[in-house]
file coords_20.csv (CSV, C-alpha atoms)
chain,number,residue,atom,x,y,z
B,6,MET,CA,-9.3,-12.1,32.9
B,7,GLN,CA,-6.3,-11.1,30.7
B,8,ARG,CA,-5.3,-8.4,33.3
B,9,ALA,CA,-5.3,-11.0,36.1
B,10,VAL,CA,-3.1,-13.3,34.1
B,11,LEU,CA,-0.6,-10.4,33.4
B,12,ILE,CA,-0.5,-9.4,37.0
B,13,LEU,CA,0.3,-13.0,38.0
B,14,LEU,CA,2.9,-13.3,35.3
B,15,PHE,CA,4.7,-10.2,36.4
B,16,ALA,CA,4.5,-11.2,40.0
B,17,ALA,CA,6.3,-14.4,39.2
B,18,LEU,CA,9.1,-12.7,37.3
B,19,PRO,CA,12.3,-11.5,39.1
B,20,ALA,CA,12.1,-7.9,40.2
B,21,TRP,CA,13.4,-5.3,37.7
B,22,GLY,CA,15.8,-4.1,40.3
B,23,PHE,CA,16.9,-5.3,43.7
B,24,ASP,CA,14.4,-4.6,46.5
B,25,ALA,CA,13.8,-5.2,50.1
B,26,ASN,CA,10.1,-5.9,50.7
B,27,GLY,CA,9.1,-3.8,47.7
B,28,VAL,CA,11.5,-0.9,48.4
B,29,LEU,CA,13.8,-0.6,45.4
B,30,ILE,CA,17.1,1.1,45.1
B,31,GLY,CA,16.2,4.7,44.2
B,32,ALA,CA,13.0,4.7,46.2
B,33,ASP,CA,12.2,7.7,48.4
B,34,GLU,CA,12.1,7.8,52.2
B,35,ALA,CA,8.3,7.8,52.2
B,36,ALA,CA,8.4,4.3,50.5
B,37,VAL,CA,10.8,3.2,53.3
B,38,HIS,CA,8.4,4.3,56.0
B,39,LYS,CA,5.5,2.6,54.1
B,40,ALA,CA,7.2,-0.7,53.9
B,41,PHE,CA,9.0,-0.5,57.3
B,42,PRO,CA,6.7,1.6,59.6
B,43,SER,CA,8.9,1.1,62.6
B,44,ALA,CA,12.1,2.2,60.8
B,45,ARG,CA,14.0,4.9,62.7
B,46,CYS,CA,15.8,7.3,60.3
B,47,ARG,CA,18.6,9.7,61.2
B,48,GLU,CA,21.7,11.4,59.8
B,49,LEU,CA,24.8,9.3,59.4
B,50,GLU,CA,27.3,9.7,62.2
B,51,TRP,CA,30.1,10.3,59.7
B,52,LYS,CA,30.6,12.2,56.5
B,53,SER,CA,30.2,10.2,53.3
B,54,LYS,CA,29.7,10.9,49.6
B,55,ALA,CA,27.6,7.7,49.4
B,56,ALA,CA,24.8,8.5,51.9
B,57,GLU,CA,23.5,11.2,54.2
B,58,ARG,CA,20.9,9.3,56.2
B,59,ARG,CA,20.2,5.8,57.4
B,60,CYS,CA,17.0,4.1,58.4
B,61,ASP,CA,17.1,1.1,60.7
B,62,ASP,CA,14.4,-1.4,61.5
B,63,ALA,CA,15.2,-4.4,63.9
B,64,LYS,CA,11.9,-6.2,63.4
B,65,VAL,CA,11.3,-7.1,59.8
B,66,VAL,CA,10.5,-10.2,57.9
B,67,PHE,CA,12.6,-10.8,54.8
B,68,GLY,CA,12.1,-13.8,52.6
B,69,GLY,CA,10.0,-15.4,55.3
B,70,ALA,CA,12.7,-15.0,58.0
B,71,PRO,CA,13.0,-12.5,60.9
B,72,ALA,CA,15.7,-9.9,60.0
B,73,ARG,CA,17.1,-6.5,60.7
B,74,ILE,CA,17.6,-3.9,57.9
B,75,THR,CA,19.5,-0.7,57.4
B,76,LEU,CA,18.7,1.4,54.3
B,77,TYR,CA,21.1,4.2,53.3
B,78,LEU,CA,19.7,7.3,51.6
B,79,LYS,CA,21.2,10.3,49.8
B,80,GLY,CA,19.0,13.1,48.5
B,81,ASP,CA,15.9,11.3,49.7
B,82,ARG,CA,16.7,8.3,47.6
B,83,VAL,CA,17.7,4.8,48.7
B,84,GLN,CA,21.3,4.1,47.7
B,85,ALA,CA,21.8,0.8,49.4
B,86,PHE,CA,20.5,-1.6,52.0
B,87,ASP,CA,21.9,-4.3,54.3
B,88,VAL,CA,19.8,-7.1,55.6
B,89,ARG,CA,21.0,-9.2,58.6
B,90,LEU,CA,19.5,-12.5,59.6
B,91,ASP,CA,20.2,-15.7,61.5
B,92,GLU,CA,22.2,-18.5,59.8
B,93,ARG,CA,19.4,-21.0,60.4
B,94,ASP,CA,17.4,-19.1,57.7
B,95,LEU,CA,20.1,-19.1,55.1
B,96,GLU,CA,18.7,-21.8,52.8
B,97,ARG,CA,15.2,-20.3,52.8
B,98,VAL,CA,16.4,-16.8,52.2
B,99,ALA,CA,18.9,-17.9,49.5
B,100,ALA,CA,16.0,-19.7,47.6
B,101,PHE,CA,13.8,-16.6,48.0
B,102,LEU,CA,16.5,-14.4,46.6
B,103,LYS,CA,17.1,-16.7,43.6
B,104,GLN,CA,13.4,-16.5,42.8
B,105,ARG,CA,13.1,-12.8,43.5
B,106,TYR,CA,16.4,-11.5,42.0
B,107,GLY,CA,16.8,-14.2,39.3
B,108,LYS,CA,19.7,-16.5,38.6
B,109,PRO,CA,22.9,-15.5,40.4
B,110,LEU,CA,25.9,-14.3,38.5
B,111,ALA,CA,28.0,-16.4,40.9
B,112,GLU,CA,27.5,-18.8,43.8
B,113,THR,CA,30.5,-20.2,45.7
B,114,ARG,CA,31.5,-22.1,48.8
B,115,GLU,CA,35.1,-21.4,49.7
B,116,LYS,CA,37.3,-22.9,52.4
B,117,ILE,CA,39.9,-20.5,53.7
B,118,GLU,CA,42.7,-22.0,55.8
B,119,ARG,CA,44.0,-19.7,58.5
B,120,ARG,CA,47.4,-19.6,60.2
B,121,GLU,CA,45.9,-21.0,63.4
B,122,GLY,CA,45.1,-24.2,61.4
B,123,ASP,CA,41.3,-23.8,61.5
B,124,VAL,CA,39.3,-23.6,58.2
B,125,ARG,CA,36.6,-21.1,57.5
B,126,GLU,CA,33.9,-21.9,55.1
B,127,ILE,CA,32.2,-19.0,53.3
B,128,TYR,CA,29.1,-19.2,51.2
B,129,LYS,CA,28.6,-16.3,48.8
B,130,VAL,CA,26.0,-15.5,46.2
B,131,ARG,CA,26.2,-12.5,43.9
B,132,TRP,CA,23.8,-10.8,41.5
B,133,GLU,CA,24.3,-7.9,39.2
B,134,LYS,CA,21.7,-5.8,37.2
B,135,GLY,CA,23.2,-2.8,35.5
B,136,GLN,CA,24.8,-0.6,38.2
B,137,GLU,CA,23.1,-2.5,41.0
B,138,ARG,CA,24.9,-5.3,43.0
B,139,ALA,CA,23.6,-7.7,45.6
B,140,VAL,CA,25.8,-10.1,47.6
B,141,LEU,CA,24.6,-12.7,50.2
B,142,THR,CA,27.4,-13.8,52.5
B,143,ALA,CA,27.4,-16.4,55.2
B,144,GLN,CA,30.3,-17.9,57.2
B,145,ALA,CA,29.8,-21.4,58.5
B,146,LYS,CA,29.4,-21.7,62.3
B,147,ARG,CA,28.6,-18.0,62.6
B,148,ARG,CA,25.1,-16.8,63.5
B,149,ARG,CA,24.8,-14.0,61.1
B,150,VAL,CA,24.1,-13.9,57.4
B,151,ASP,CA,24.4,-10.6,55.5
B,152,LEU,CA,22.8,-9.4,52.3
B,153,SER,CA,24.2,-6.2,50.9
B,154,VAL,CA,22.6,-4.4,48.0
B,155,TRP,CA,23.9,-1.2,46.5
B,156,GLN,CA,24.3,0.8,43.3
B,157,GLY,CA,27.4,2.3,41.7
B,158,ASN,CA,30.5,2.6,44.0
B,159,PHE,CA,28.5,2.8,47.3
B,160,ASP,CA,30.4,-0.1,48.8
B,161,GLU,CA,33.7,1.8,48.2
B,162,GLU,CA,32.5,5.2,49.4
B,163,ILE,CA,30.3,4.6,52.4
B,164,TYR,CA,33.1,4.2,55.0
B,165,ARG,CA,35.8,6.1,53.3
B,166,VAL,CA,37.3,8.6,55.7
B,167,ARG,CA,36.7,12.2,54.7
call {"tool": "encode", "arguments": {"input": "coords_20.csv", "output": "structure tokens"}}
result
Amino acid sequence: MQRAVLILLFAALPAWGFDANGVLIGADEAAVHKAFPSARCRELEWKSKAAERRCDDAKVVFGGAPARITLYLKGDRVQAFDVRLDERDLERVAAFLKQRYGKPLAETREKIERREGDVREIYKVRWEKGQERAVLTAQAKRRRVDLSVWQGNFDEEIYRVR
């Protein structure tokens, strides 16, 4: 009985690290294939210090919403992942992430005026746990919502020209 209560208690707590369907930053490629059996993995098309391989899956469910995912690996370990989903699922996925990742460090809605006179509204939610970062970004009136999760300086190094 006590064991069942402990399992339920830990399941309700936010994850220790950021994950995508149970695949944590630092997981190996076998864990990626277990969680995403239809993922296609291959070498990166460019040289990067941040990652050597990428695994893409276009048919996943994340936070109850259909999504696409790209996981980046270096030395057989997940360094980062990006989840892309439709804007209509934003509120559901944001609520899921707040439950899963915990209280965000920041949550903002910004209006950016452009030279052409139009205004862009951007919704951004950010989490941090040690060296790991997660950012959910959505631009109003755009179809796509992006969740980027990484550790260290991955976001600075991944597209740096070598």
call {"tool": "atom_distance", "arguments": {"input": "coords_20.csv", "atom1": "atom CA of Pro109 of chain B", "atom2": "atom CA of Val150 of chain B"}}
result
17.1 Å
call {"tool": "atom_distance", "arguments": {"input": "coords_20.csv", "atom1": "atom CA of Ala145 of chain B", "atom2": "atom CA of Phe159 of chain B"}}
result
26.7 Å
call {"tool": "closest_residue", "arguments": {"input": "coords_20.csv", "among": "B:Arg97, B:Arg114, B:Arg82, B:Lys103", "to": "Ala35 of chain B", "atoms": "all atoms listed in the file"}}
result
B:Arg82
call {"tool": "atom_distance", "arguments": {"input": "coords_20.csv", "atom1": "atom CA of Lys146 of chain B", "atom2": "atom CA of Glu92 of chain B"}}
result
8.3 Å
call {"tool": "residues_around", "arguments": {"input": "coords_20.csv", "residues": "segment 63-66 of chain B", "least_positions_apart": "4", "cutoff": "12 Å", "atoms": "all atoms listed in the file", "output": "ChimeraX atom specification"}}
result
/B:25-26,40-45,70-76,87-91,94,98
call {"tool": "closest_residue", "arguments": {"input": "coords_20.csv", "among": "B:Lys39, B:Arg58, B:Arg93, B:Lys116", "to": "Lys129 of chain B", "atoms": "all atoms listed in the file"}}
result
B:Lys116
call {"tool": "residues_around", "arguments": {"input": "coords_20.csv", "residues": "segment 125-128 of chain B", "least_positions_apart": "6", "cutoff": "8 Å", "atoms": "only C-alpha atoms", "output": "list in words"}}
result
Glu112, Thr113, Arg114, Glu115, Lys116, Ile117, Glu118, Arg119, Leu141, Thr142, Ala143, Gln144 and Ala145 of chain B
call {"tool": "residues_around", "arguments": {"input": "coords_20.csv", "residues": "Arg59 of chain B", "least_positions_apart": "2", "cutoff": "8 Å", "atoms": "all atoms listed in the file", "output": "JSON, numbers by chain"}}
result
{"B": [46, 47, 48, 49, 56, 57, 61, 75, 76, 77, 78]}
call {"tool": "closest_residue", "arguments": {"input": "coords_20.csv", "among": "B:Val83, B:Cys60, B:Ala55, B:Val140", "to": "Asp33 of chain B", "atoms": "all atoms listed in the file"}}
result
B:Val83
call {"tool": "closest_residue", "arguments": {"input": "coords_20.csv", "among": "B:Glu121, B:Glu50, B:Glu137, B:Glu96", "to": "Gly31 of chain B", "atoms": "all atoms listed in the file"}}
result
B:Glu137
call {"tool": "residues_around", "arguments": {"input": "coords_20.csv", "residues": "Lys134 of chain B", "least_positions_apart": "2", "cutoff": "10 Å", "atoms": "all atoms listed in the file", "output": "number ranges by chain"}}
result
B: 21-23, 106-107, 110, 132, 136-139, 156
